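Participant: Have a peek at entry20.txt (compact mmCIF, C-alpha atoms and all ligand atoms).
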# COMPACT_ATOMS: atom_id res chain seq x y z
CA MET A 218 -52.95 -6.91 -18.82
CA ARG A 219 -53.97 -9.06 -21.80
CA SER A 220 -52.17 -12.38 -22.10
CA PHE A 221 -49.55 -12.54 -24.83
CA SER A 222 -50.25 -16.20 -25.52
CA GLY A 223 -51.57 -16.55 -29.07
CA ARG A 224 -51.53 -12.77 -29.59
CA ASP A 225 -50.64 -11.09 -32.89
CA ILE A 226 -47.99 -8.37 -32.58
CA LEU A 227 -49.06 -6.00 -35.32
CA SER A 228 -48.82 -2.47 -33.93
CA LEU A 229 -47.71 -0.59 -30.83
CA ARG A 230 -50.74 1.67 -31.12
CA ASP A 231 -52.72 -0.35 -28.62
CA PHE A 232 -49.86 -1.61 -26.45
CA GLU A 233 -50.29 -0.74 -22.80
CA ARG A 234 -47.52 0.22 -20.40
CA ALA A 235 -47.82 -3.15 -18.64
CA ASP A 236 -47.25 -4.92 -21.99
CA TYR A 237 -43.90 -3.18 -22.48
CA LEU A 238 -42.82 -3.86 -18.91
CA ARG A 239 -43.76 -7.55 -19.17
CA ILE A 240 -41.76 -8.02 -22.39
CA PHE A 241 -38.75 -6.24 -20.85
CA ASP A 242 -38.96 -8.43 -17.70
CA VAL A 243 -39.06 -11.63 -19.76
CA ALA A 244 -36.17 -10.34 -21.90
CA ASP A 245 -34.15 -9.81 -18.70
CA GLU A 246 -34.98 -13.38 -17.61
CA LEU A 247 -33.82 -14.86 -20.93
CA GLN A 248 -30.84 -12.59 -21.53
CA SER A 249 -28.23 -14.87 -19.97
CA TYR A 250 -28.78 -17.50 -22.69
CA ALA A 251 -27.76 -14.98 -25.35
CA THR A 252 -24.92 -13.57 -23.22
CA ASP A 253 -23.48 -17.03 -22.63
CA ARG A 254 -24.25 -18.16 -26.20
CA ARG A 255 -26.25 -21.08 -24.81
CA ASP A 256 -29.47 -22.56 -26.20
CA THR A 257 -32.44 -23.62 -24.10
CA ASP A 258 -35.29 -26.00 -24.98
CA LEU A 259 -38.10 -23.64 -24.03
CA LEU A 260 -39.64 -23.78 -27.54
CA LYS A 261 -38.27 -27.17 -28.63
CA ASN A 262 -41.63 -28.28 -30.07
CA LYS A 263 -42.39 -25.03 -31.87
CA THR A 264 -41.63 -23.73 -35.35
CA LEU A 265 -41.12 -20.14 -36.50
CA LEU A 266 -42.02 -19.30 -40.07
CA THR A 267 -40.38 -16.18 -41.51
CA ALA A 268 -42.23 -14.68 -44.49
CA PHE A 269 -40.11 -11.77 -45.70
CA TYR A 270 -41.38 -10.00 -48.81
CA GLN A 271 -38.81 -7.21 -48.38
CA PRO A 272 -35.05 -7.35 -47.75
CA SER A 273 -33.80 -7.48 -44.17
CA THR A 274 -30.56 -8.19 -42.39
CA ARG A 275 -31.31 -7.54 -38.71
CA THR A 276 -34.99 -8.25 -38.23
CA ARG A 277 -35.19 -11.62 -39.94
CA LEU A 278 -31.89 -12.97 -38.68
CA ALA A 279 -32.40 -11.72 -35.11
CA THR A 280 -35.85 -13.34 -35.03
CA GLU A 281 -34.45 -16.59 -36.40
CA ALA A 282 -31.48 -16.44 -34.00
CA ALA A 283 -33.92 -15.92 -31.13
CA MET A 284 -35.88 -19.02 -32.12
CA HIS A 285 -32.69 -21.10 -32.38
CA ARG A 286 -31.62 -19.89 -28.90
CA LEU A 287 -34.98 -21.11 -27.57
CA GLY A 288 -34.51 -24.55 -29.12
CA GLY A 289 -37.24 -24.15 -31.75
CA HIS A 290 -37.28 -24.80 -35.50
CA VAL A 291 -37.12 -22.19 -38.26
CA LEU A 292 -38.25 -22.18 -41.87
CA GLY A 293 -39.36 -19.53 -44.31
CA PHE A 294 -38.45 -17.36 -47.26
CA SER A 295 -36.47 -14.17 -47.55
CA ASP A 296 -37.23 -13.50 -51.19
CA ALA A 297 -40.88 -13.63 -52.24
CA LYS A 298 -39.77 -13.92 -55.90
CA MET A 299 -38.98 -17.55 -55.10
CA THR A 300 -42.59 -18.14 -54.00
CA ARG A 301 -45.92 -18.07 -55.85
CA ALA A 302 -46.60 -14.68 -54.24
CA GLY A 303 -43.74 -13.22 -56.24
CA ASP A 304 -44.11 -14.92 -59.61
CA PHE A 305 -46.76 -14.99 -62.33
CA TYR A 306 -49.49 -16.01 -59.88
CA GLN A 307 -49.02 -13.11 -57.39
CA GLU A 308 -50.70 -15.36 -54.82
CA SER A 309 -52.73 -13.36 -52.31
CA ILE A 310 -51.88 -12.89 -48.64
CA LYS A 311 -55.01 -14.85 -47.77
CA ASP A 312 -54.11 -17.89 -49.87
CA THR A 313 -50.45 -17.77 -48.82
CA VAL A 314 -51.23 -17.54 -45.12
CA HIS A 315 -53.75 -20.39 -45.34
CA MET A 316 -50.72 -22.51 -46.27
CA LEU A 317 -48.17 -20.99 -43.91
CA GLU A 318 -50.31 -21.47 -40.80
CA TYR A 319 -49.90 -25.24 -41.17
CA TYR A 320 -46.14 -25.04 -41.59
CA GLY A 321 -45.33 -23.13 -38.41
CA ASP A 322 -46.65 -22.10 -34.98
CA VAL A 323 -45.90 -18.38 -35.39
CA ILE A 324 -45.41 -16.27 -38.53
CA ALA A 325 -42.95 -13.37 -38.62
CA MET A 326 -43.80 -11.22 -41.64
CA ARG A 327 -42.17 -8.26 -43.36
CA HIS A 328 -44.03 -6.78 -46.31
CA PHE A 329 -43.74 -3.74 -48.58
CA GLN A 330 -47.49 -3.20 -48.32
CA MET A 331 -48.74 -1.35 -45.24
CA GLY A 332 -51.26 -3.48 -43.38
CA ALA A 333 -50.16 -6.79 -44.95
CA PRO A 334 -49.38 -8.45 -41.56
CA THR A 335 -52.79 -7.33 -40.29
CA GLU A 336 -54.38 -8.90 -43.35
CA ALA A 337 -52.33 -12.07 -42.71
CA ALA A 338 -53.52 -12.18 -39.11
CA ARG A 339 -57.14 -12.16 -40.33
CA TRP A 340 -56.54 -15.49 -42.05
CA SER A 341 -54.03 -17.10 -39.72
CA THR A 342 -54.86 -19.30 -36.76
CA VAL A 343 -51.30 -18.86 -35.45
CA PRO A 344 -49.87 -15.55 -34.16
CA VAL A 345 -48.45 -13.09 -36.70
CA ILE A 346 -45.58 -10.75 -35.78
CA ASN A 347 -45.22 -7.60 -37.88
CA CYS A 348 -41.55 -7.26 -38.79
CA GLY A 349 -42.10 -4.03 -40.72
CA ASP A 350 -44.96 -3.20 -43.12
CA GLY A 351 -44.34 -0.54 -45.76
CA TRP A 352 -44.70 2.91 -44.23
CA GLY A 353 -46.79 1.39 -41.41
CA GLU A 354 -45.04 0.17 -38.27
CA HIS A 355 -42.04 -1.76 -37.00
CA PRO A 356 -42.99 -2.95 -33.50
CA THR A 357 -40.12 -5.39 -32.85
CA GLN A 358 -37.50 -2.76 -33.75
CA VAL A 359 -39.00 -0.21 -31.38
CA LEU A 360 -39.35 -2.75 -28.58
CA THR A 361 -35.61 -3.32 -29.06
CA ASP A 362 -34.94 0.45 -29.03
CA LEU A 363 -36.87 0.93 -25.78
CA TYR A 364 -35.37 -2.16 -24.15
CA THR A 365 -31.92 -0.78 -25.00
CA THR A 366 -32.84 2.63 -23.60
CA LEU A 367 -34.07 1.05 -20.37
CA GLY A 368 -30.89 -1.02 -20.07
CA GLU A 369 -28.61 1.95 -20.69
CA LYS A 370 -30.47 4.64 -18.75
CA GLY A 371 -32.26 2.56 -16.10
CA THR A 372 -35.52 4.28 -17.05
CA ILE A 373 -37.59 5.44 -19.99
CA ASP A 374 -39.72 7.88 -17.97
CA GLY A 375 -38.24 11.34 -17.58
CA LEU A 376 -36.07 11.16 -20.70
CA THR A 377 -35.97 13.57 -23.62
CA PHE A 378 -35.59 12.01 -27.06
CA ALA A 379 -34.58 13.57 -30.36
CA LEU A 380 -36.16 11.68 -33.25
CA VAL A 381 -34.16 12.55 -36.36
CA GLY A 382 -34.96 11.45 -39.90
CA ASP A 383 -37.92 10.67 -42.08
CA MET A 384 -41.05 10.85 -39.92
CA ARG A 385 -43.04 8.80 -42.44
CA MET A 386 -40.94 5.78 -41.53
CA ARG A 387 -42.46 2.80 -39.77
CA THR A 388 -40.04 3.00 -36.84
CA MET A 389 -41.00 6.62 -36.19
CA HIS A 390 -44.70 5.69 -36.14
CA SER A 391 -44.12 2.83 -33.68
CA ILE A 392 -41.87 4.79 -31.32
CA LEU A 393 -44.26 7.74 -31.15
CA TYR A 394 -47.16 5.39 -30.37
CA ALA A 395 -44.99 3.82 -27.65
CA PHE A 396 -44.31 7.25 -26.13
CA SER A 397 -48.00 7.49 -25.22
CA GLN A 398 -47.27 5.00 -22.43
CA PHE A 399 -44.19 6.72 -20.96
CA ASP A 400 -43.43 10.12 -19.45
CA VAL A 401 -41.08 11.26 -22.20
CA LYS A 402 -40.63 14.33 -24.35
CA ALA A 403 -39.75 14.01 -28.04
CA TYR A 404 -38.20 16.53 -30.37
CA VAL A 405 -39.11 15.60 -33.93
CA ILE A 406 -36.58 16.68 -36.56
CA SER A 407 -37.07 16.05 -40.27
CA PRO A 408 -37.03 17.77 -43.65
CA ILE A 409 -40.39 19.41 -44.31
CA GLU A 410 -41.33 16.89 -47.02
CA MET A 411 -40.71 14.06 -44.53
CA ALA A 412 -42.59 15.63 -41.62
CA LEU A 413 -45.24 13.88 -39.54
CA GLU A 414 -48.49 13.52 -41.45
CA PRO A 415 -51.31 15.75 -40.04
CA GLU A 416 -53.55 12.73 -39.31
CA PHE A 417 -50.76 11.01 -37.40
CA LYS A 418 -50.03 14.20 -35.43
CA ALA A 419 -53.70 14.37 -34.47
CA GLN A 420 -53.51 10.79 -33.21
CA LEU A 421 -50.46 11.65 -31.09
CA GLU A 422 -52.16 14.71 -29.67
CA SER A 423 -55.25 12.68 -28.76
CA ARG A 424 -52.95 10.27 -26.88
CA ASN A 425 -51.18 13.10 -24.98
CA VAL A 426 -47.79 12.34 -26.53
CA GLN A 427 -45.41 15.22 -25.71
CA PHE A 428 -43.72 16.11 -28.97
CA GLU A 429 -42.41 19.28 -30.57
CA GLU A 430 -41.00 19.82 -34.05
CA ALA A 431 -37.49 21.29 -34.16
CA PRO A 432 -35.47 22.56 -37.15
CA SER A 433 -32.20 20.72 -36.50
CA ILE A 434 -30.53 18.29 -34.12
CA GLU A 435 -28.00 21.01 -33.26
CA GLU A 436 -30.80 23.20 -31.87
CA VAL A 437 -31.79 20.64 -29.20
CA ILE A 438 -28.62 18.58 -28.69
CA HIS A 439 -27.90 20.10 -25.26
CA GLU A 440 -31.31 18.95 -23.93
CA VAL A 441 -31.63 15.37 -25.11
CA ASP A 442 -30.83 12.04 -23.43
CA VAL A 443 -31.42 9.78 -26.43
CA ILE A 444 -30.95 10.47 -30.14
CA TYR A 445 -32.97 8.08 -32.30
CA MET A 446 -32.01 8.21 -35.95
CA GLU A 447 -33.21 7.12 -39.35
CA PRO A 448 -31.96 8.12 -42.80
CA VAL A 449 -33.56 10.96 -44.71
CA VAL A 450 -32.18 9.45 -47.92
CA GLN A 451 -34.75 6.71 -48.31
CA PRO A 452 -35.81 3.84 -50.52
CA ASP A 453 -39.48 3.64 -51.40
CA TYR A 454 -40.92 1.36 -48.74
CA THR A 455 -43.91 0.46 -50.88
CA LEU A 456 -41.71 -1.41 -53.37
CA SER A 457 -40.68 -5.02 -52.96
CA ARG A 458 -37.10 -4.28 -53.96
CA GLN A 459 -35.16 -1.16 -54.87
CA GLU A 460 -31.52 -0.79 -55.79
CA LYS A 461 -29.56 2.29 -54.76
CA ALA A 462 -29.39 4.84 -57.59
CA GLU A 463 -26.06 5.86 -59.06
CA THR A 464 -26.46 9.34 -57.64
CA TYR A 465 -28.31 9.96 -54.43
CA ALA A 466 -28.74 13.01 -52.29
CA ARG A 467 -26.57 13.65 -49.26
CA THR A 468 -28.07 14.26 -45.82
CA PRO A 469 -28.24 17.97 -44.86
CA PRO A 470 -26.27 18.82 -41.66
CA ALA A 471 -29.52 19.53 -39.76
CA TYR A 472 -30.23 15.78 -39.72
CA GLN A 473 -26.68 14.48 -39.26
CA VAL A 474 -24.98 13.27 -36.09
CA THR A 475 -21.21 13.55 -35.90
CA ARG A 476 -18.61 13.25 -33.18
CA ASP A 477 -18.24 17.06 -33.15
CA LEU A 478 -21.97 17.54 -32.65
CA LEU A 479 -22.02 15.12 -29.72
CA ARG A 480 -19.43 17.26 -27.90
CA GLU A 481 -22.16 19.90 -27.58
CA GLY A 482 -24.59 17.47 -25.95
CA LYS A 483 -25.01 15.91 -22.52
CA SER A 484 -22.00 13.81 -21.63
CA ASP A 485 -24.20 10.69 -21.31
CA VAL A 486 -26.38 11.15 -24.39
CA ILE A 487 -26.81 7.88 -26.30
CA VAL A 488 -27.35 7.34 -30.01
CA LEU A 489 -29.71 4.65 -31.31
CA HIS A 490 -30.14 3.81 -34.98
CA SER A 491 -32.23 0.96 -36.35
CA LEU A 492 -29.76 0.64 -39.27
CA PRO A 493 -28.91 0.38 -42.12
CA ARG A 494 -27.46 3.90 -42.23
CA MET A 495 -26.53 6.26 -44.99
CA ASP A 496 -24.45 9.39 -44.30
CA GLU A 497 -26.69 10.75 -41.49
CA LEU A 498 -24.62 8.95 -38.83
CA ALA A 499 -20.90 9.44 -39.22
CA PRO A 500 -18.79 6.28 -38.74
CA ASP A 501 -16.56 8.21 -36.33
CA VAL A 502 -19.42 8.09 -33.79
CA ASP A 503 -19.06 4.29 -33.64
CA CYS A 504 -16.11 4.40 -31.29
CA THR A 505 -17.51 7.01 -28.89
CA ARG A 506 -19.20 6.33 -25.55
CA HIS A 507 -22.48 7.50 -27.11
CA ALA A 508 -23.01 4.74 -29.69
CA ARG A 509 -25.54 2.09 -28.69
CA TYR A 510 -26.59 0.72 -32.09
CA TRP A 511 -24.30 -2.31 -31.77
CA THR A 512 -25.77 -3.03 -28.32
CA GLU A 513 -29.10 -3.01 -30.12
CA ALA A 514 -27.96 -5.88 -32.33
CA PHE A 515 -27.56 -8.05 -29.23
CA ASN A 516 -30.71 -6.75 -27.57
CA GLY A 517 -32.67 -7.41 -30.77
CA VAL A 518 -32.13 -11.14 -30.30
CA VAL A 519 -32.97 -11.05 -26.58
CA MET A 520 -36.12 -9.00 -27.08
CA ARG A 521 -37.35 -11.32 -29.84
CA MET A 522 -36.65 -14.33 -27.59
CA ALA A 523 -38.99 -12.73 -25.08
CA LEU A 524 -41.65 -12.03 -27.69
CA LEU A 525 -41.57 -15.55 -29.14
CA ALA A 526 -41.66 -17.14 -25.67
CA LEU A 527 -44.65 -14.98 -24.75
CA VAL A 528 -46.77 -15.36 -27.89
CA LEU A 529 -46.11 -19.11 -27.95
CA GLY A 530 -47.21 -19.39 -24.33
CA ALA A 531 -43.91 -20.65 -22.90
CA MET A 532 -43.76 -17.64 -20.54
CA GLU A 533 -46.77 -15.88 -19.05
N1 LIG A 601 -33.68 -2.33 -38.42
C1 LIG A 601 -34.10 -3.08 -39.45
O1 LIG A 601 -35.31 -3.26 -39.68
O2 LIG A 601 -33.11 -3.62 -40.19
P1 LIG A 601 -33.31 -4.68 -41.36
O3 LIG A 601 -34.03 -3.96 -42.46
O4 LIG A 601 -31.93 -5.13 -41.73
O5 LIG A 601 -34.16 -5.80 -40.82
In structure tokens, what does this structure look like?
Facilitator:
Amino acid sequence: MRSFSGRDILSLRDFERADYLRIFDVADELQSYATDRRDTDLLKNKTLLTAFYQPSTRTRLATEAAMHRLGGHVLGFSDAKMTRAGDFYQESIKDTVHMLEYYGDVIAMRHFQMGAPTEAARWSTVPVINCGDGWGEHPTQVLTDLYTTLGEKGTIDGLTFALVGDMRMRTMHSILYAFSQFDVKAYVISPIEMALEPEFKAQLESRNVQFEEAPSIEEVIHEVDVIYMEPVVQPDYTLSRQEKAETYARTPPAYQVTRDLLREGKSDVIVLHSLPRMDELAPDVDCTRHARYWTEAFNGVVMRMALLALVLGAME
């Protein structure tokens, strides 16, 4: 297994099974700090820099919370309009990162442009963590999803997942890459115009990922152990900022999860959602035994503690 120390976390495409298991082990080791709401001084001499060119609630704050739990320092921006990258100058990733690398020991970046964190990593001497890049990938979210699955089910191997939503989304790309390292089956359920791209499907096939397209969640609900959801009513991920329109489409029932639908499924099926949600996940699911998206909020901090400790060399 490659060492994590100094490593960029840009994509799950080339993650090996041992990488996932190592991150999950370290997360287990560090979990009690978050559970007990205690801080440690593991990263007391280190600084996290968050460079968020796109809005975020969970990813930025969970990463910052993780760094605080580990005793490190945090600085950064959550609105690129307040930097020279977002004003008249439109400063390039290269020039920006040549500054940022001296301000922190690790850079957590979200960007509306696919590949921007990879470009940043080319110019940075400190590790770069991809916190979501356009329609590209979202590795830290999917590590959280899989860590939650492992915690709730005791295994990832042997499970059947339903992936419901827009298959062009970065989370869907990362989770399907991750499935290449586990013995899982995935049903892929999306409107036709949001289906997996042919080139991406070919990549999955070449990696022996077991996936099958299905017309609706109802069709497969009785078979699945984990439902992983995203909206099908989407913003444009290539834009830096987009307000919700006055009128927006509603999610068709084929891609919706409700309390009634879950009655037709396995009694222990769990529902994950990276959030934010629209109307694809009914609020009445929140207080059922199936909902695990709030557990994910906690696990998101723990998993990012593990990732920061590993890339900054505090854990090996
Ligand atoms: N899951 C996720 O990426 O949420 P945020 O956009 O709030 O970070």
Participant: Find the residues around Asp453 (chain A) up to 9 Å (only C-alpha atoms counted), leave out those fewer than 2 positions away in its own chain, and share them as a list in words.
Facilitator: Phe329, Gly351, Trp352, Gln451, Thr455, Leu456, Ser457, Arg458 and Gln459 of chain A
Participant: Could you pull the residues within 8 Å of region 400-410 of chain A, counting all atoms listed in the file, minus those fewer than 6 positions along the same chain, as a PyMOL selection string?
Facilitator: chain A and resi 373-384+426-434+437+449+472
Participant: Take CA of Ala279 (chain A) and CA of Val518 (chain A) and report the distance between them in Å, one decimal.
Facilitator: 4.9 Å
Participant: Which value, in Å to one decimal, gives the distance between CA of His490 (chain A) and CA of Val443 (chain A)?
Facilitator: 10.5 Å
Participant: Report as a list in words all protein, DNA and RNA residues lying within 8 Å of Leu292 (chain A), evaluated on all atoms listed in the file, omitting residues in the same chain fewer than 3 positions from it.
Facilitator: Thr264, Leu265, Leu266, Thr267 and Gly321 of chain A
Participant: Set the cut-off to 6 Å, count all atoms listed in the file, and list whatever residues fall near ligand LIG 601 (chain A) as a PyMOL selection string.
Facilitator: chain A and resi 273-277+491-492
Participant: With C-alpha atoms retained, export the selected residues as a short mmCIF file (atom, residue, chain, number, x, y, z; two decimals), in the frame of the given file.
Facilitator:
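Contents of the output file part_9.cif:
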data_model
loop_
_atom_site.label_atom_id
_atom_site.label_comp_id
_atom_site.auth_asym_id
_atom_site.auth_seq_id
_atom_site.Cartn_x
_atom_site.Cartn_y
_atom_site.Cartn_z
CA SER A 273 -33.80 -7.48 -44.17
CA THR A 274 -30.56 -8.19 -42.39
CA ARG A 275 -31.31 -7.54 -38.71
CA THR A 276 -34.99 -8.25 -38.23
CA ARG A 277 -35.19 -11.62 -39.94
CA SER A 491 -32.23 0.96 -36.35
CA LEU A 492 -29.76 0.64 -39.27
#
Participant: Report, in Å to a single decimal, how far apart CA of Pro356 (chain A) and CA of Phe399 (chain A) are.
Facilitator: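 Calculated distance between CA of Phe399 (chain A) and CA of Pro356 (chain A) is 15.9 Å.
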Participant: For Val345 (chain A), work out the shell of residues within 12 Å, counting only C-alpha atoms and skipping chain neighbours fewer than 2 positions away, then give it as a PyMOL selection string.
Facilitator: chain A and resi 221-228+265-268+314+317-318+321-327+333-343+347-349+356-357+524-525+528-529
Participant: For Glu246 (chain A), list every protein, DNA or RNA residue within 12 Å, evaluated using all atoms listed in the file, and leave out those in the same chain fewer than 2 positions away; present the list as a PyMOL selection string.
Facilitator: chain A and resi 239-244+248-252+519-520+522-523+526+532
Participant: Looking at only C-alpha atoms, which of A:Leu478, A:Leu527, A:Leu287, A:Leu260 is the one that sits closest to Glu435 (chain A)?
Facilitator: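 Using only C-alpha atoms, Glu435 (chain A) sits closest to A:Leu478.
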Participant: Considering only C-alpha atoms, can you say which of A:Gly530, A:Gln330, A:Thr361, A:Ala283 comes closest to Pro344 (chain A)?
Facilitator: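 Closest candidate: A:Gly530.
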Participant: Which residue out of A:Ile438, A:Glu354, A:Ser295, A:Asp231 has the minimum interatomic distance to Leu278 (chain A) when only C-alpha atoms are used?
Facilitator: A:Ser295
Participant: In terms of the shortest atom-to-atom distance over all atoms listed in the file, which of A:Lys298, A:Ser397, A:Arg424, A:Val488 is closest to Cys504 (chain A)?
Facilitator: A:Val488
